[in-house]
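Peer 1: After the structure tokens below, expect a handful of questions from me.
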Amino acid sequence: MKQSIILPAEWYPQSAVQLTWPHKETDWAPILDEVIPCFVCIAREISKREYLLIVCPDKEEVLQQLGEIDTDRILFCEMETNDTWARDHGGISVFDNGTPSVYDFVFNGWGMKFPANWDNLITRRLFAAGAFAKDILPVNMQPLVLEGGSIESDGKGTLMTTVECLSSLNRNEYLSREQLEYHLKEIFGLERILWIENGYLAGDDTDSHVDTLARFCSEDTIAYVQCTDETDEHYAELQAMEEELKAFRQLNGEPYRLIPLPMADPVEWEGERLPATYANFLMINGAALLPWYDSPRDEIAREALQQAFPDREIVGMNCLPLIKQHGSLHCVTMQYPEGFINTEI
């Protein structure tokens, strides 16, 4: 099957990354003084290497919070927002017969767990505001409930995802796995889907997004969370996931090169274990931003990820504030490939 639609991998050259900024009307309100410096650090690293698109209700307020950062490569779009998880409410970039196109799936707050009335409108409002390149196809509305954190693409027709998320209650439970697979293949021009049936993280609100568990780093390499502590509650599930990954094959029949990332030390807040994970890294032009949790395992994770990306700088970033709302670095970002963003807005 010749691919007329291509879902590019995250390592495809990028024009910009989207951040949806925290403010006092979001769930971050009690810890804004902690999380805003974290967002500022992420903004700084991204804007060193490519454009940054900030979605926020008040541009002037964000400019004050950014402080001394060079804003030459920072773009703003003002609009109402519920929250900050751009990975899940952001547009999904595809090439449709070579032409850039942005899919706008239904975002319903991870199965109606949280309000999403404003966030579900962000992508089409970005298009109306001229944020996307002038030659881009109109935003393509998709009826499926789907978040960017739930899918991983190798850019060559293979998608990796988890069974638990895509078929969970209040998402697409009316579709069988076979029906879901058919729709995903049609929408993204896929050759095949690798379904992960095991693996979870305590405190996760997403129903096991794949970007918290296992990630494509290249066409033949997958980095994943490995748990070796038999006393850890995740041990059995993550061991079972590891066996699944070992059984996966590339299109050429070869096994994948697997790079284990350490299980993060337990992070707790208000008596609850949080879903800290090193798999939630972000690939940007020339670098990979890696969430850190003020732990000795941070450096172990950096060294492991460097094996996956020998030609990229691995930049560790303290994401303890982010994990307090049950997400991490990849979750608050959405990349757009070259040719997708209007840098003149």
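So you can find residues: chains in the structure tokens are A, B, ... in the order shown, residues in each start at 1, and ligands are numbered from 1 in order.
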List every residue of range 109-344 of chain A that DSSP, applied to the backbone of this structure, places in strand (DSSP E or B), and write the result as a ChimeraX atom specification.

Peer 2: /A:132,140-145,151-153,158-162,192-196,214-218,221-226,249,255,257-262,268-269,272-273,282-284,287-292,313-318,333-337,341

Peer 1: Residues at most 10 Å from range 132-138 of chain A, counting only C-alpha atoms, excluding those fewer than 5 positions away in the same chain, as a ChimeraX atom specification?

Peer 2: /A:95-96,99-103,123-124,126-127,336,338-345

Peer 1: Quick one: pull the distance between CA of Thr161 in chain A and CA of Asp294 in chain A, Å, one decimal.

Peer 2: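 Separation between CA of Thr161 in chain A and CA of Asp294 in chain A: 29.0 Å.
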
Peer 1: With distances taken over only C-alpha atoms, which of A:Met241, A:Leu7, A:Ile323, A:Met283 is nearest to Ala202 in chain A?

Peer 2: A:Ile323

Peer 1: Which neighbours of range 48-51 of chain A fall inside 9 Å, counting only C-alpha atoms, when residues of the same chain fewer than 5 positions from it are skipped, and could you give them as a ChimeraX atom specification?

Peer 2: /A:14-18,43,70,72-75,284-287,341,343

Peer 1: Take the residues from that selection and write them out as a CSV table (one decimal), in the first residue's frame, keeping all heavy atoms.

Peer 2:
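Listed below is the output, out_23.csv:
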```csv
chain,number,residue,atom,x,y,z
A,14,GLN,N,11.5,20.0,13.0
A,14,GLN,CA,10.3,20.7,13.5
A,14,GLN,C,10.4,22.2,13.2
A,14,GLN,O,11.5,22.8,13.1
A,14,GLN,CB,10.3,20.5,15.0
A,14,GLN,CG,10.1,19.1,15.4
A,14,GLN,CD,10.2,18.9,16.9
A,14,GLN,OE1,10.2,19.8,17.7
A,14,GLN,NE2,10.3,17.6,17.3
A,15,SER,N,9.2,22.8,13.1
A,15,SER,CA,9.1,24.3,13.0
A,15,SER,C,8.9,24.9,14.3
A,15,SER,O,9.3,26.0,14.6
A,15,SER,CB,8.0,24.7,12.0
A,15,SER,OG,6.8,24.1,12.4
A,16,ALA,N,8.1,24.2,15.2
A,16,ALA,CA,7.7,24.8,16.5
A,16,ALA,C,7.2,23.7,17.4
A,16,ALA,O,6.8,22.6,17.0
A,16,ALA,CB,6.7,25.9,16.3
A,17,VAL,N,7.2,24.1,18.7
A,17,VAL,CA,6.6,23.3,19.7
A,17,VAL,C,5.5,24.2,20.4
A,17,VAL,O,5.8,25.4,20.7
A,17,VAL,CB,7.6,22.8,20.8
A,17,VAL,CG1,6.9,22.2,22.0
A,17,VAL,CG2,8.5,21.8,20.1
A,18,GLN,N,4.4,23.6,20.7
A,18,GLN,CA,3.3,24.4,21.4
A,18,GLN,C,3.4,24.1,22.9
A,18,GLN,O,3.5,23.0,23.4
A,18,GLN,CB,1.9,23.9,20.9
A,18,GLN,CG,0.8,24.6,21.6
A,18,GLN,CD,-0.6,24.0,21.1
A,18,GLN,OE1,-0.7,23.7,20.0
A,18,GLN,NE2,-1.6,24.0,22.0
A,43,ALA,N,10.4,26.6,28.0
A,43,ALA,CA,10.3,27.6,27.0
A,43,ALA,C,11.7,28.0,26.5
A,43,ALA,O,12.0,28.2,25.3
A,43,ALA,CB,9.5,28.8,27.4
A,70,ASP,N,15.0,35.6,25.4
A,70,ASP,CA,14.9,36.2,24.1
A,70,ASP,C,13.6,35.7,23.4
A,70,ASP,O,13.4,34.5,23.3
A,70,ASP,CB,16.1,35.7,23.3
A,70,ASP,CG,16.1,36.4,21.9
A,70,ASP,OD1,15.1,37.0,21.5
A,70,ASP,OD2,17.1,36.2,21.2
A,72,ASP,N,12.4,36.4,20.4
A,72,ASP,CA,12.4,36.5,18.9
A,72,ASP,C,11.8,35.3,18.3
A,72,ASP,O,11.2,35.4,17.2
A,72,ASP,CB,13.8,36.7,18.4
A,72,ASP,CG,14.4,38.1,18.6
A,72,ASP,OD1,13.6,38.9,19.0
A,72,ASP,OD2,15.6,38.3,18.4
A,73,ARG,N,11.9,34.1,18.9
A,73,ARG,CA,11.3,32.9,18.3
A,73,ARG,C,10.2,32.4,19.2
A,73,ARG,O,9.8,31.2,19.1
A,73,ARG,CB,12.4,31.8,18.2
A,73,ARG,CG,13.4,32.1,17.1
A,73,ARG,CD,14.2,30.8,16.7
A,73,ARG,NE,15.2,30.6,17.6
A,73,ARG,CZ,16.3,29.8,17.4
A,73,ARG,NH1,16.4,29.2,16.2
A,73,ARG,NH2,17.2,29.6,18.3
A,74,ILE,N,9.5,33.3,19.8
A,74,ILE,CA,8.3,32.9,20.6
A,74,ILE,C,7.1,33.6,20.0
A,74,ILE,O,7.1,34.8,19.7
A,74,ILE,CB,8.4,33.3,22.1
A,74,ILE,CG1,9.6,32.6,22.7
A,74,ILE,CG2,7.1,33.0,22.8
A,74,ILE,CD1,9.8,32.9,24.2
A,75,LEU,N,6.1,32.8,19.6
A,75,LEU,CA,4.8,33.2,19.0
A,75,LEU,C,3.7,33.1,20.1
A,75,LEU,O,3.7,32.1,20.9
A,75,LEU,CB,4.5,32.4,17.8
A,75,LEU,CG,5.6,32.1,16.8
A,75,LEU,CD1,5.3,31.1,15.8
A,75,LEU,CD2,6.0,33.4,16.1
A,284,ILE,N,13.3,17.5,20.2
A,284,ILE,CA,13.3,18.7,19.4
A,284,ILE,C,14.5,18.8,18.5
A,284,ILE,O,15.3,17.9,18.5
A,284,ILE,CB,13.2,20.0,20.4
A,284,ILE,CG1,14.5,20.0,21.3
A,284,ILE,CG2,11.9,20.0,21.2
A,284,ILE,CD1,14.5,21.3,22.2
A,285,ASN,N,14.6,19.9,17.7
A,285,ASN,CA,15.7,19.9,16.8
A,285,ASN,C,17.1,19.9,17.5
A,285,ASN,O,17.4,20.8,18.3
A,285,ASN,CB,15.6,21.2,16.0
A,285,ASN,CG,14.4,21.2,15.1
A,285,ASN,OD1,13.9,20.2,14.7
A,285,ASN,ND2,14.0,22.4,14.7
A,286,GLY,N,17.8,18.9,17.3
A,286,GLY,CA,19.2,18.8,17.9
A,286,GLY,C,19.3,18.4,19.3
A,286,GLY,O,20.4,18.3,19.9
A,287,ALA,N,18.1,18.1,20.0
A,287,ALA,CA,18.2,17.8,21.4
A,287,ALA,C,17.0,16.9,21.8
A,287,ALA,O,16.0,16.7,21.0
A,287,ALA,CB,18.2,19.0,22.2
A,341,ILE,N,3.9,25.8,10.8
A,341,ILE,CA,3.6,26.9,11.6
A,341,ILE,C,3.9,28.2,10.9
A,341,ILE,O,4.9,28.3,10.2
A,341,ILE,CB,4.4,26.9,12.9
A,341,ILE,CG1,3.9,25.7,13.8
A,341,ILE,CG2,4.2,28.2,13.7
A,341,ILE,CD1,2.4,25.8,14.2
A,343,THR,N,5.3,31.6,11.1
A,343,THR,CA,6.2,32.2,12.1
A,343,THR,C,6.0,33.8,12.0
A,343,THR,O,6.8,34.5,12.7
A,343,THR,CB,7.6,31.9,11.8
A,343,THR,OG1,8.0,32.2,10.5
A,343,THR,CG2,7.8,30.4,12.0
```
